[in-house]
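Structure file structure-v2.cif (mmCIF, C-alpha atoms, pLDDT in the B column; chains and numbers go by the auth columns) follows.
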data_start
#
loop_
_atom_site.group_PDB
_atom_site.id
_atom_site.type_symbol
_atom_site.label_atom_id
_atom_site.label_comp_id
_atom_site.label_asym_id
_atom_site.label_seq_id
_atom_site.Cartn_x
_atom_site.Cartn_y
_atom_site.Cartn_z
_atom_site.B_iso_or_equiv
_atom_site.auth_seq_id
_atom_site.auth_asym_id
ATOM 1 C CA MET A 1 39.961 -4.515 2.485 63.00 1 J
ATOM 2 C CA ASP A 2 37.215 -2.593 0.698 76.00 2 J
ATOM 3 C CA SER A 3 35.727 0.143 2.799 94.00 3 J
ATOM 4 C CA THR A 4 32.512 0.178 0.843 97.00 4 J
ATOM 5 C CA ILE A 5 29.759 -2.249 -0.074 98.00 5 J
ATOM 6 C CA THR A 6 27.113 -2.185 -2.761 98.00 6 J
ATOM 7 C CA ILE A 7 23.453 -2.522 -1.976 98.00 7 J
ATOM 8 C CA THR A 8 20.348 -2.095 -4.099 98.00 8 J
ATOM 9 C CA ALA A 9 17.579 0.179 -2.909 97.00 9 J
ATOM 10 C CA ASN A 10 14.345 0.214 -4.895 96.00 10 J
ATOM 11 C CA GLY A 11 16.168 -1.193 -7.878 97.00 11 J
ATOM 12 C CA GLN A 12 18.996 1.326 -7.801 97.00 12 J
ATOM 13 C CA ALA A 13 22.530 0.255 -6.927 97.00 13 J
ATOM 14 C CA ARG A 14 24.158 2.322 -4.189 97.00 14 J
ATOM 15 C CA THR A 15 27.602 2.290 -2.659 97.00 15 J
ATOM 16 C CA VAL A 16 27.737 2.787 1.095 97.00 16 J
ATOM 17 C CA ARG A 17 30.482 2.464 3.660 97.00 17 J
ATOM 18 C CA VAL A 18 31.049 -0.778 5.524 97.00 18 J
ATOM 19 C CA GLY A 19 29.027 -0.689 8.722 97.00 19 J
ATOM 20 C CA CYS A 20 26.395 1.638 7.336 98.00 20 J
ATOM 21 C CA THR A 21 23.107 1.135 9.156 98.00 21 J
ATOM 22 C CA LEU A 22 19.653 1.226 7.674 98.00 22 J
ATOM 23 C CA PRO A 23 18.717 4.381 9.627 97.00 23 J
ATOM 24 C CA GLU A 24 21.822 6.068 8.224 97.00 24 J
ATOM 25 C CA LEU A 25 20.844 5.066 4.698 97.00 25 J
ATOM 26 C CA LEU A 26 17.304 6.356 5.229 97.00 26 J
ATOM 27 C CA ALA A 27 18.633 9.616 6.619 97.00 27 J
ATOM 28 C CA GLY A 28 20.793 9.985 3.527 95.00 28 J
ATOM 29 C CA LEU A 29 17.714 9.487 1.403 95.00 29 J
ATOM 30 C CA ARG A 30 15.839 12.052 3.529 95.00 30 J
ATOM 31 C CA LEU A 31 13.287 9.434 4.553 95.00 31 J
ATOM 32 C CA ALA A 32 11.868 9.399 8.070 92.00 32 J
ATOM 33 C CA PRO A 33 12.120 5.837 9.422 90.00 33 J
ATOM 34 C CA GLU A 34 8.659 6.019 10.961 88.00 34 J
ATOM 35 C CA ARG A 35 7.160 6.800 7.565 90.00 35 J
ATOM 36 C CA VAL A 36 8.519 3.791 5.702 93.00 36 J
ATOM 37 C CA VAL A 37 8.500 0.013 5.783 94.00 37 J
ATOM 38 C CA VAL A 38 11.637 -1.681 4.519 96.00 38 J
ATOM 39 C CA GLU A 39 11.885 -5.098 2.947 96.00 39 J
ATOM 40 C CA ARG A 40 15.365 -6.536 3.129 97.00 40 J
ATOM 41 C CA ASN A 41 16.035 -9.380 0.729 97.00 41 J
ATOM 42 C CA GLY A 42 12.320 -10.069 0.471 94.00 42 J
ATOM 43 C CA ALA A 43 11.381 -9.956 4.149 93.00 43 J
ATOM 44 C CA ALA A 44 9.764 -6.966 5.803 93.00 44 J
ATOM 45 C CA LEU A 45 11.713 -5.652 8.758 94.00 45 J
ATOM 46 C CA THR A 46 10.009 -4.909 12.042 90.00 46 J
ATOM 47 C CA PRO A 47 10.584 -1.381 13.375 88.00 47 J
ATOM 48 C CA THR A 48 13.051 -2.805 15.898 89.00 48 J
ATOM 49 C CA GLU A 49 14.943 -4.662 13.190 92.00 49 J
ATOM 50 C CA ALA A 50 14.934 -1.574 10.990 93.00 50 J
ATOM 51 C CA ARG A 51 16.504 0.487 13.769 92.00 51 J
ATOM 52 C CA THR A 52 19.348 -1.976 14.278 94.00 52 J
ATOM 53 C CA THR A 53 20.064 -3.369 10.823 97.00 53 J
ATOM 54 C CA VAL A 54 23.605 -3.040 9.553 98.00 54 J
ATOM 55 C CA LEU A 55 23.655 -3.287 5.791 98.00 55 J
ATOM 56 C CA ALA A 56 25.535 -6.103 4.109 98.00 56 J
ATOM 57 C CA ASP A 57 27.075 -6.282 0.677 97.00 57 J
ATOM 58 C CA GLY A 58 24.484 -7.331 -1.875 98.00 58 J
ATOM 59 C CA ASP A 59 21.466 -6.425 0.233 98.00 59 J
ATOM 60 C CA LYS A 60 18.359 -5.764 -1.797 98.00 60 J
ATOM 61 C CA LEU A 61 16.082 -3.249 -0.142 98.00 61 J
ATOM 62 C CA GLU A 62 12.573 -2.197 -1.017 97.00 62 J
ATOM 63 C CA ILE A 63 11.728 0.983 0.819 97.00 63 J
ATOM 64 C CA VAL A 64 7.992 1.519 0.895 95.00 64 J
ATOM 65 C CA ARG A 65 6.601 4.846 1.995 92.00 65 J
ATOM 66 C CA LEU A 66 3.519 4.641 4.189 91.00 66 J
ATOM 67 C CA VAL A 67 0.994 6.620 2.190 92.00 67 J
ATOM 68 C CA PRO A 68 -2.404 7.265 3.744 91.00 68 J
ATOM 69 C CA GLY A 69 -5.543 7.992 1.808 94.00 69 J
ATOM 70 C CA GLY A 70 -5.660 5.100 -0.580 95.00 70 J
ATOM 71 C CA MET B 1 -21.595 9.625 1.180 74.00 1 W
ATOM 72 C CA LEU B 2 -19.665 11.491 -1.464 80.00 2 W
ATOM 73 C CA ALA B 3 -21.906 12.371 -4.419 80.00 3 W
ATOM 74 C CA PHE B 4 -19.924 10.434 -6.995 83.00 4 W
ATOM 75 C CA MET B 5 -20.112 7.273 -4.878 82.00 5 W
ATOM 76 C CA ASP B 6 -23.823 6.623 -5.270 78.00 6 W
ATOM 77 C CA SER B 7 -23.746 3.095 -6.676 72.00 7 W
ATOM 78 C CA ALA B 8 -27.446 3.347 -7.531 78.00 8 W
ATOM 79 C CA LYS B 9 -26.599 6.060 -10.059 88.00 9 W
ATOM 80 C CA SER B 10 -23.296 4.563 -11.066 94.00 10 W
ATOM 81 C CA GLU B 11 -22.339 1.857 -13.525 95.00 11 W
ATOM 82 C CA GLU B 12 -19.906 -0.889 -12.652 95.00 12 W
ATOM 83 C CA LEU B 13 -17.044 -1.077 -15.101 95.00 13 W
ATOM 84 C CA LYS B 14 -16.781 -4.833 -15.388 92.00 14 W
ATOM 85 C CA ASN B 15 -13.905 -4.539 -17.830 94.00 15 W
ATOM 86 C CA ALA B 16 -11.749 -2.708 -15.373 96.00 16 W
ATOM 87 C CA GLN B 17 -9.726 -4.756 -12.964 97.00 17 W
ATOM 88 C CA VAL B 18 -8.177 -4.252 -9.560 98.00 18 W
ATOM 89 C CA VAL B 19 -5.359 -6.608 -8.628 98.00 19 W
ATOM 90 C CA LEU B 20 -3.661 -6.966 -5.246 98.00 20 W
ATOM 91 C CA ASP B 21 0.000 -7.143 -6.209 97.00 21 W
ATOM 92 C CA LYS B 22 1.415 -7.499 -2.736 95.00 22 W
ATOM 93 C CA LEU B 23 0.512 -7.298 0.933 96.00 23 W
ATOM 94 C CA ILE B 24 3.056 -6.554 3.660 95.00 24 W
ATOM 95 C CA TYR B 25 2.329 -6.978 7.346 94.00 25 W
ATOM 96 C CA GLN B 26 3.963 -4.656 9.799 91.00 26 W
ATOM 97 C CA ARG B 27 3.427 -4.278 13.525 87.00 27 W
ATOM 98 C CA ASP B 28 3.831 -0.888 15.168 76.00 28 W
ATOM 99 C CA ALA B 29 4.916 0.785 11.969 73.00 29 W
ATOM 100 C CA GLY B 30 5.087 4.532 11.981 67.00 30 W
ATOM 101 C CA ASN B 31 2.742 6.365 14.265 73.00 31 W
ATOM 102 C CA LEU B 32 -0.089 3.870 14.311 79.00 32 W
ATOM 103 C CA PRO B 33 -2.964 4.249 16.735 85.00 33 W
ATOM 104 C CA PRO B 34 -2.237 2.102 19.824 87.00 34 W
ATOM 105 C CA ASP B 35 -5.581 0.345 19.542 92.00 35 W
ATOM 106 C CA ARG B 36 -4.800 -0.679 15.944 93.00 36 W
ATOM 107 C CA PRO B 37 -1.165 -1.715 15.989 92.00 37 W
ATOM 108 C CA HIS B 38 -1.272 -4.013 12.957 94.00 38 W
ATOM 109 C CA ALA B 39 -0.634 -2.407 9.590 93.00 39 W
ATOM 110 C CA PHE B 40 -1.157 -4.107 6.260 96.00 40 W
ATOM 111 C CA ILE B 41 0.464 -2.283 3.386 96.00 41 W
ATOM 112 C CA TYR B 42 -1.294 -3.180 0.166 97.00 42 W
ATOM 113 C CA PHE B 43 -0.087 -2.646 -3.374 97.00 43 W
ATOM 114 C CA LEU B 44 -2.881 -2.369 -5.919 98.00 44 W
ATOM 115 C CA THR B 45 -2.974 -2.053 -9.680 98.00 45 W
ATOM 116 C CA ILE B 46 -6.083 -0.728 -11.415 98.00 46 W
ATOM 117 C CA ARG B 47 -6.244 -1.766 -15.062 98.00 47 W
ATOM 118 C CA ASN B 48 -8.579 -0.276 -17.627 98.00 48 W
ATOM 119 C CA LEU B 49 -9.511 -3.164 -19.885 97.00 49 W
ATOM 120 C CA SER B 50 -12.636 -1.368 -21.060 94.00 50 W
ATOM 121 C CA ASP B 51 -13.079 0.616 -24.261 93.00 51 W
ATOM 122 C CA ARG B 52 -13.489 4.003 -22.592 96.00 52 W
ATOM 123 C CA ARG B 53 -11.414 6.424 -20.606 98.00 53 W
ATOM 124 C CA PHE B 54 -12.312 7.069 -16.982 98.00 54 W
ATOM 125 C CA THR B 55 -11.073 9.193 -14.121 98.00 55 W
ATOM 126 C CA LEU B 56 -11.143 7.909 -10.567 98.00 56 W
ATOM 127 C CA LEU B 57 -12.172 10.482 -7.983 97.00 57 W
ATOM 128 C CA GLY B 58 -12.252 8.518 -4.765 97.00 58 W
ATOM 129 C CA ARG B 59 -12.401 5.222 -2.982 97.00 59 W
ATOM 130 C CA LYS B 60 -14.660 3.297 -0.666 97.00 60 W
ATOM 131 C CA TRP B 61 -13.361 0.577 1.596 98.00 61 W
ATOM 132 C CA ILE B 62 -15.510 -1.896 3.488 98.00 62 W
ATOM 133 C CA LEU B 63 -13.611 -3.554 6.320 98.00 63 W
ATOM 134 C CA ASP B 64 -15.176 -6.689 7.771 98.00 64 W
ATOM 135 C CA TYR B 65 -13.602 -7.392 11.131 98.00 65 W
ATOM 136 C CA ALA B 66 -13.353 -10.847 12.661 98.00 66 W
ATOM 137 C CA ASP B 67 -15.560 -9.769 15.565 97.00 67 W
ATOM 138 C CA GLY B 68 -18.458 -9.268 13.166 98.00 68 W
ATOM 139 C CA LYS B 69 -18.253 -5.495 12.940 98.00 69 W
ATOM 140 C CA THR B 70 -18.010 -3.659 9.652 98.00 70 W
ATOM 141 C CA GLU B 71 -16.470 -0.293 8.987 97.00 71 W
ATOM 142 C CA VAL B 72 -16.926 1.777 5.840 97.00 72 W
ATOM 143 C CA ILE B 73 -14.265 4.299 4.895 96.00 73 W
ATOM 144 C CA GLU B 74 -14.798 6.730 2.044 96.00 74 W
ATOM 145 C CA GLY B 75 -12.496 9.392 0.776 96.00 75 W
ATOM 146 C CA ASP B 76 -11.750 11.783 -2.026 96.00 76 W
ATOM 147 C CA LYS B 77 -8.906 10.878 -4.371 97.00 77 W
ATOM 148 C CA ILE B 78 -6.520 7.940 -4.254 98.00 78 W
ATOM 149 C CA VAL B 79 -3.342 8.751 -2.333 97.00 79 W
ATOM 150 C CA GLY B 80 -3.976 12.347 -3.313 96.00 80 W
ATOM 151 C CA GLU B 81 -4.398 11.637 -6.998 97.00 81 W
ATOM 152 C CA THR B 82 -7.278 11.431 -9.465 98.00 82 W
ATOM 153 C CA PRO B 83 -5.839 9.057 -12.050 98.00 83 W
ATOM 154 C CA THR B 84 -7.230 9.093 -15.575 98.00 84 W
ATOM 155 C CA LEU B 85 -6.903 5.773 -17.358 98.00 85 W
ATOM 156 C CA ALA B 86 -7.307 5.417 -21.093 98.00 86 W
ATOM 157 C CA PRO B 87 -8.156 1.954 -22.432 97.00 87 W
ATOM 158 C CA GLY B 88 -5.195 -0.319 -21.792 98.00 88 W
ATOM 159 C CA GLU B 89 -3.631 1.910 -19.146 98.00 89 W
ATOM 160 C CA GLU B 90 -3.090 1.075 -15.498 98.00 90 W
ATOM 161 C CA PHE B 91 -2.402 2.839 -12.224 98.00 91 W
ATOM 162 C CA SER B 92 -0.445 1.291 -9.359 97.00 92 W
ATOM 163 C CA TYR B 93 -0.076 2.597 -5.845 97.00 93 W
ATOM 164 C CA ASN B 94 0.345 1.503 -2.269 96.00 94 W
ATOM 165 C CA SER B 95 -1.356 2.503 0.926 97.00 95 W
ATOM 166 C CA TYR B 96 -2.319 0.733 4.133 95.00 96 W
ATOM 167 C CA HIS B 97 -5.042 -0.340 6.515 96.00 97 W
ATOM 168 C CA VAL B 98 -4.586 -0.593 10.262 95.00 98 W
ATOM 169 C CA THR B 99 -6.481 -3.025 12.428 96.00 99 W
ATOM 170 C CA ALA B 100 -6.589 -4.716 15.809 96.00 100 W
ATOM 171 C CA ILE B 101 -7.892 -8.068 14.576 97.00 101 W
ATOM 172 C CA ASN B 102 -8.091 -10.164 11.438 98.00 102 W
ATOM 173 C CA THR B 103 -9.961 -8.296 8.739 98.00 103 W
ATOM 174 C CA ILE B 104 -11.253 -8.731 5.224 98.00 104 W
ATOM 175 C CA ALA B 105 -10.963 -5.643 3.038 98.00 105 W
ATOM 176 C CA ARG B 106 -13.067 -5.005 -0.047 98.00 106 W
ATOM 177 C CA GLY B 107 -14.418 -1.955 -1.729 97.00 107 W
ATOM 178 C CA SER B 108 -14.554 0.099 -4.878 97.00 108 W
ATOM 179 C CA PHE B 109 -13.031 2.995 -6.739 98.00 109 W
ATOM 180 C CA HIS B 110 -15.432 5.623 -8.017 97.00 110 W
ATOM 181 C CA GLY B 111 -15.239 8.203 -10.758 97.00 111 W
ATOM 182 C CA VAL B 112 -16.551 9.338 -14.116 97.00 112 W
ATOM 183 C CA ASP B 113 -16.027 8.044 -17.615 97.00 113 W
ATOM 184 C CA GLU B 114 -15.325 10.057 -20.736 97.00 114 W
ATOM 185 C CA PHE B 115 -19.075 10.591 -21.214 96.00 115 W
ATOM 186 C CA ASP B 116 -19.415 12.055 -17.694 95.00 116 W
ATOM 187 C CA LYS B 117 -21.256 8.982 -16.485 96.00 117 W
ATOM 188 C CA LEU B 118 -20.634 7.860 -12.925 97.00 118 W
ATOM 189 C CA VAL B 119 -18.728 4.595 -12.869 97.00 119 W
ATOM 190 C CA TYR B 120 -17.103 2.371 -10.310 97.00 120 W
ATOM 191 C CA VAL B 121 -14.638 -0.499 -10.209 97.00 121 W
ATOM 192 C CA LYS B 122 -14.862 -3.164 -7.549 97.00 122 W
ATOM 193 C CA ILE B 123 -11.902 -4.032 -5.353 98.00 123 W
ATOM 194 C CA PRO B 124 -11.970 -7.780 -4.793 98.00 124 W
ATOM 195 C CA PRO B 125 -11.775 -8.871 -1.163 98.00 125 W
ATOM 196 C CA PHE B 126 -8.461 -9.730 0.419 98.00 126 W
ATOM 197 C CA GLU B 127 -7.668 -11.061 3.859 98.00 127 W
ATOM 198 C CA MET B 128 -5.458 -9.330 6.377 98.00 128 W
ATOM 199 C CA ILE B 129 -4.446 -12.072 8.776 98.00 129 W
ATOM 200 C CA ILE B 130 -2.296 -11.128 11.745 96.00 130 W
ATOM 201 C CA PRO B 131 0.627 -13.564 12.056 93.00 131 W
ATOM 202 C CA GLU B 132 0.671 -15.910 15.068 86.00 132 W
ATOM 203 C CA ASN B 133 3.967 -14.394 16.124 73.00 133 W
ATOM 204 C CA PRO B 134 3.230 -10.710 15.671 57.00 134 W
ATOM 205 C CA THR B 135 6.879 -9.723 15.844 52.00 135 W
ATOM 206 C CA ALA B 136 7.406 -11.587 12.596 45.00 136 W
ATOM 207 C CA THR B 137 6.451 -10.214 9.237 48.00 137 W
ATOM 208 C CA ALA B 138 4.404 -11.837 6.539 43.00 138 W
ATOM 209 C CA ASP B 139 4.051 -11.203 2.853 43.00 139 W
#
Write the structure described by the file as structure tokens, please.
Amino acid sequence: MDSTITITANGQARTVRVGCTLPELLAGLRLAPERVVVERNGAALTPTEARTTVLADGDKLEIVRLVPGG
Amino acid sequence: MLAFMDSAKSEELKNAQVVLDKLIYQRDAGNLPPDRPHAFIYFLTIRNLSDRRFTLLGRKWILDYADGKTEVIEGDKIVGETPTLAPGEEFSYNSYHVTAINTIARGSFHGVDEFDKLVYVKIPPFEMIIPENPTATAD
């Protein structure tokens, strides 16, 4: 069985291990979870969902940084 | 009021366009103030369809709340930038408003054109409607 899956984050394909969580992915990208909103396959995740999401093969993520001052 | 935002001395650039590309609702995102737990992340594109270059120096938002109150927010720059747009160019960015109740956002971007004239571009109004089930998200 493959030990990795492929997801797409902001248009870029990434290989992560099976069971990788969204917080782990964000940590790897050096993004603070409280400073971003994540859309998974077109639907925005609530903070609770974002904390508990386990990534699945083929997931398409849009990670939006919360930028003040606009 | 910031000096470059005086609409009486400023010309509206009718051939510039602001488009809302996307609006994401999020409850309790980040470190939001407890009295304004609803965040709406907006994605805007400013297009220069005019025949002159301009530089945007700041923004003015007018937030009309469902309880009848209005709040005006002005600030230097746009997400820390002062974009210069030549004819045909565009600038896209995202930022967010926070609110406690349904709100209509409108406003304007202000700056100077290549002749040092004060100019502004209107932001068309868009609604920020809190979903019935606030744990859900809406696009």
Write out as a ChimeraX atom specification every residue belonging to chain W that has an atom at most 10 Å from any atom of chain J, counting all atoms listed in the file. /W:24-32,39,41-44,58-61,73-81,93-97,109,134-139
Convert the output of the PyMOL selection byres ((chain J and resi 17) around 12) on the shown file into explicit residues, formatted as an NGL selection string. :J and (1-7 or 14-16 or 18-22 or 24-25 or 54-57)
Point (-7.1, -0.2, 11.4) neighbourhood (8 Å, only C-alpha atoms) written as a ChimeraX atom specification: /W:36-39,97-100
Could you please determine the separation between atom CA of W:Ser92 and atom CA of W:Lys69 in Å, to one decimal place? 29.3 Å
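Here atom CA of W:Glu12 stands at a distance of 27.2 Å from atom CA of W:Gly68.
Selecting by distance to (-20.6, 0.6, -15.4) with a limit of 7 Å and using all atoms listed in the file, one obtains Ser10, Glu11, Glu12, Leu13, Lys14, Val119 and Tyr120 of chain W.
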Could you please determine the separation between atom CA of W:Asp21 and atom CA of W:Arg106 in Å, to one decimal place? 14.6 Å
Pick from W:Ala3, W:Ile104, W:Leu118, W:Met128, whichever lies nearest to W:Val72 using all atoms listed in the file: W:Ile104
Please provide the set of residues having any atom within 9 Å of stretch 52-54 of chain W, restricted to all atoms listed in the file, with same-chain residues fewer than 6 positions apart removed, written as a PyMOL selection string. chain W and resi 83-87+111-116+119
File of the preceding selection, C-alpha atoms, as a PDB file, in the frame of the given file:
ATOM      1  CA  PRO W  83      -5.839   9.057 -12.050  1.00 98.00           C
ATOM      2  CA  THR W  84      -7.230   9.093 -15.575  1.00 98.00           C
ATOM      3  CA  LEU W  85      -6.903   5.773 -17.358  1.00 98.00           C
ATOM      4  CA  ALA W  86      -7.307   5.417 -21.093  1.00 98.00           C
ATOM      5  CA  PRO W  87      -8.156   1.954 -22.432  1.00 97.00           C
ATOM      6  CA  GLY W 111     -15.239   8.203 -10.758  1.00 97.00           C
ATOM      7  CA  VAL W 112     -16.551   9.338 -14.116  1.00 97.00           C
ATOM      8  CA  ASP W 113     -16.027   8.044 -17.615  1.00 97.00           C
ATOM      9  CA  GLU W 114     -15.325  10.057 -20.736  1.00 97.00           C
ATOM     10  CA  PHE W 115     -19.075  10.591 -21.214  1.00 96.00           C
ATOM     11  CA  ASP W 116     -19.415  12.055 -17.694  1.00 95.00           C
ATOM     12  CA  VAL W 119     -18.728   4.595 -12.869  1.00 97.00           C
TER      13      VAL W 119
END
Let me know the centre plus edge lengths, in Å and rounded to one decimal, of a box with edges along x, y and z that contains all listed atoms of stretch 87-92 of chain W and is padded by 4 Å on every side, as JSON.
{"center_x": -4.3, "center_y": 1.3, "center_z": -15.9, "size_x": 15.7, "size_y": 11.2, "size_z": 21.1}
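The closest residue to J:Thr53, picked from J:Leu29, J:Ala9, J:Asn41, J:Pro23 and counting only C-alpha atoms, is J:Pro23.
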Give me, as an mmCIF file with C-alpha atoms, in the coordinates of the input, all polymer residues having an atom no more than 7 Å from W:Ile129, counting only C-alpha atoms and skipping those fewer than 2 positions away in the same chain.
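As written to disk, result_23.cif reads:
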data_model
loop_
_atom_site.group_PDB
_atom_site.id
_atom_site.type_symbol
_atom_site.label_atom_id
_atom_site.label_comp_id
_atom_site.auth_asym_id
_atom_site.auth_seq_id
_atom_site.Cartn_x
_atom_site.Cartn_y
_atom_site.Cartn_z
ATOM 1 C CA ASN W 102 -8.091 -10.164 11.438
ATOM 2 C CA THR W 103 -9.961 -8.296 8.739
ATOM 3 C CA GLU W 127 -7.668 -11.061 3.859
ATOM 4 C CA PRO W 131 0.627 -13.564 12.056
#
Assuming the input is short of atoms at stretch 96-124 of chain W, produce N, CA and C atoms for that part as a CSV table (one decimal), in the frame of the given file.
chain,number,residue,atom,x,y,z
W,96,TYR,N,-2.3,1.7,3.1
W,96,TYR,CA,-2.3,0.7,4.1
W,96,TYR,C,-3.6,0.8,4.9
W,97,HIS,N,-4.0,-0.3,5.5
W,97,HIS,CA,-5.0,-0.3,6.5
W,97,HIS,C,-4.4,-0.7,7.9
W,98,VAL,N,-5.0,-0.2,8.9
W,98,VAL,CA,-4.6,-0.6,10.3
W,98,VAL,C,-5.8,-1.3,10.9
W,99,THR,N,-5.4,-2.2,11.8
W,99,THR,CA,-6.5,-3.0,12.4
W,99,THR,C,-6.0,-3.6,13.8
W,100,ALA,N,-6.9,-4.0,14.6
W,100,ALA,CA,-6.6,-4.7,15.8
W,100,ALA,C,-6.8,-6.2,15.7
W,101,ILE,N,-7.6,-6.6,14.7
W,101,ILE,CA,-7.9,-8.1,14.6
W,101,ILE,C,-7.9,-8.4,13.1
W,102,ASN,N,-8.0,-9.7,12.8
W,102,ASN,CA,-8.1,-10.2,11.4
W,102,ASN,C,-9.3,-9.5,10.7
W,103,THR,N,-9.0,-9.1,9.5
W,103,THR,CA,-10.0,-8.3,8.7
W,103,THR,C,-10.0,-8.7,7.3
W,104,ILE,N,-11.1,-8.6,6.7
W,104,ILE,CA,-11.3,-8.7,5.2
W,104,ILE,C,-11.6,-7.4,4.6
W,105,ALA,N,-10.8,-6.9,3.7
W,105,ALA,CA,-11.0,-5.6,3.0
W,105,ALA,C,-11.5,-5.9,1.6
W,106,ARG,N,-12.5,-5.0,1.3
W,106,ARG,CA,-13.1,-5.0,0.0
W,106,ARG,C,-13.5,-3.6,-0.3
W,107,GLY,N,-14.0,-3.3,-1.5
W,107,GLY,CA,-14.4,-2.0,-1.7
W,107,GLY,C,-14.5,-1.6,-3.2
W,108,SER,N,-14.4,-0.3,-3.5
W,108,SER,CA,-14.6,0.1,-4.9
W,108,SER,C,-13.9,1.5,-5.1
W,109,PHE,N,-13.5,1.7,-6.3
W,109,PHE,CA,-13.0,3.0,-6.7
W,109,PHE,C,-14.1,3.6,-7.6
W,110,HIS,N,-14.3,4.9,-7.4
W,110,HIS,CA,-15.4,5.6,-8.0
W,110,HIS,C,-14.9,6.8,-8.8
W,111,GLY,N,-15.6,7.1,-9.9
W,111,GLY,CA,-15.2,8.2,-10.8
W,111,GLY,C,-16.2,8.4,-11.9
W,112,VAL,N,-15.7,9.0,-12.9
W,112,VAL,CA,-16.6,9.3,-14.1
W,112,VAL,C,-15.8,8.9,-15.4
W,113,ASP,N,-16.6,8.5,-16.4
W,113,ASP,CA,-16.0,8.0,-17.6
W,113,ASP,C,-16.0,9.2,-18.6
W,114,GLU,N,-15.5,9.0,-19.8
W,114,GLU,CA,-15.3,10.1,-20.7
W,114,GLU,C,-16.6,10.7,-21.2
W,115,PHE,N,-17.8,10.0,-20.9
W,115,PHE,CA,-19.1,10.6,-21.2
W,115,PHE,C,-19.7,11.2,-20.0
W,116,ASP,N,-18.9,11.5,-18.9
W,116,ASP,CA,-19.4,12.1,-17.7
W,116,ASP,C,-20.4,11.2,-17.0
W,117,LYS,N,-20.4,9.9,-17.2
W,117,LYS,CA,-21.3,9.0,-16.5
W,117,LYS,C,-20.5,8.5,-15.2
W,118,LEU,N,-21.2,8.4,-14.1
W,118,LEU,CA,-20.6,7.9,-12.9
W,118,LEU,C,-20.3,6.4,-13.1
W,119,VAL,N,-19.1,6.0,-12.7
W,119,VAL,CA,-18.7,4.6,-12.9
W,119,VAL,C,-18.0,4.2,-11.6
W,120,TYR,N,-17.9,2.9,-11.4
W,120,TYR,CA,-17.1,2.4,-10.3
W,120,TYR,C,-16.5,1.0,-10.7
W,121,VAL,N,-15.4,0.7,-10.0
W,121,VAL,CA,-14.6,-0.5,-10.2
W,121,VAL,C,-14.5,-1.2,-8.9
W,122,LYS,N,-14.9,-2.4,-8.8
W,122,LYS,CA,-14.9,-3.2,-7.5
W,122,LYS,C,-13.4,-3.6,-7.2
W,123,ILE,N,-13.2,-3.5,-5.9
W,123,ILE,CA,-11.9,-4.0,-5.4
W,123,ILE,C,-12.2,-5.4,-4.8
W,124,PRO,N,-11.7,-6.4,-5.3
W,124,PRO,CA,-12.0,-7.8,-4.8
W,124,PRO,C,-11.5,-7.9,-3.4
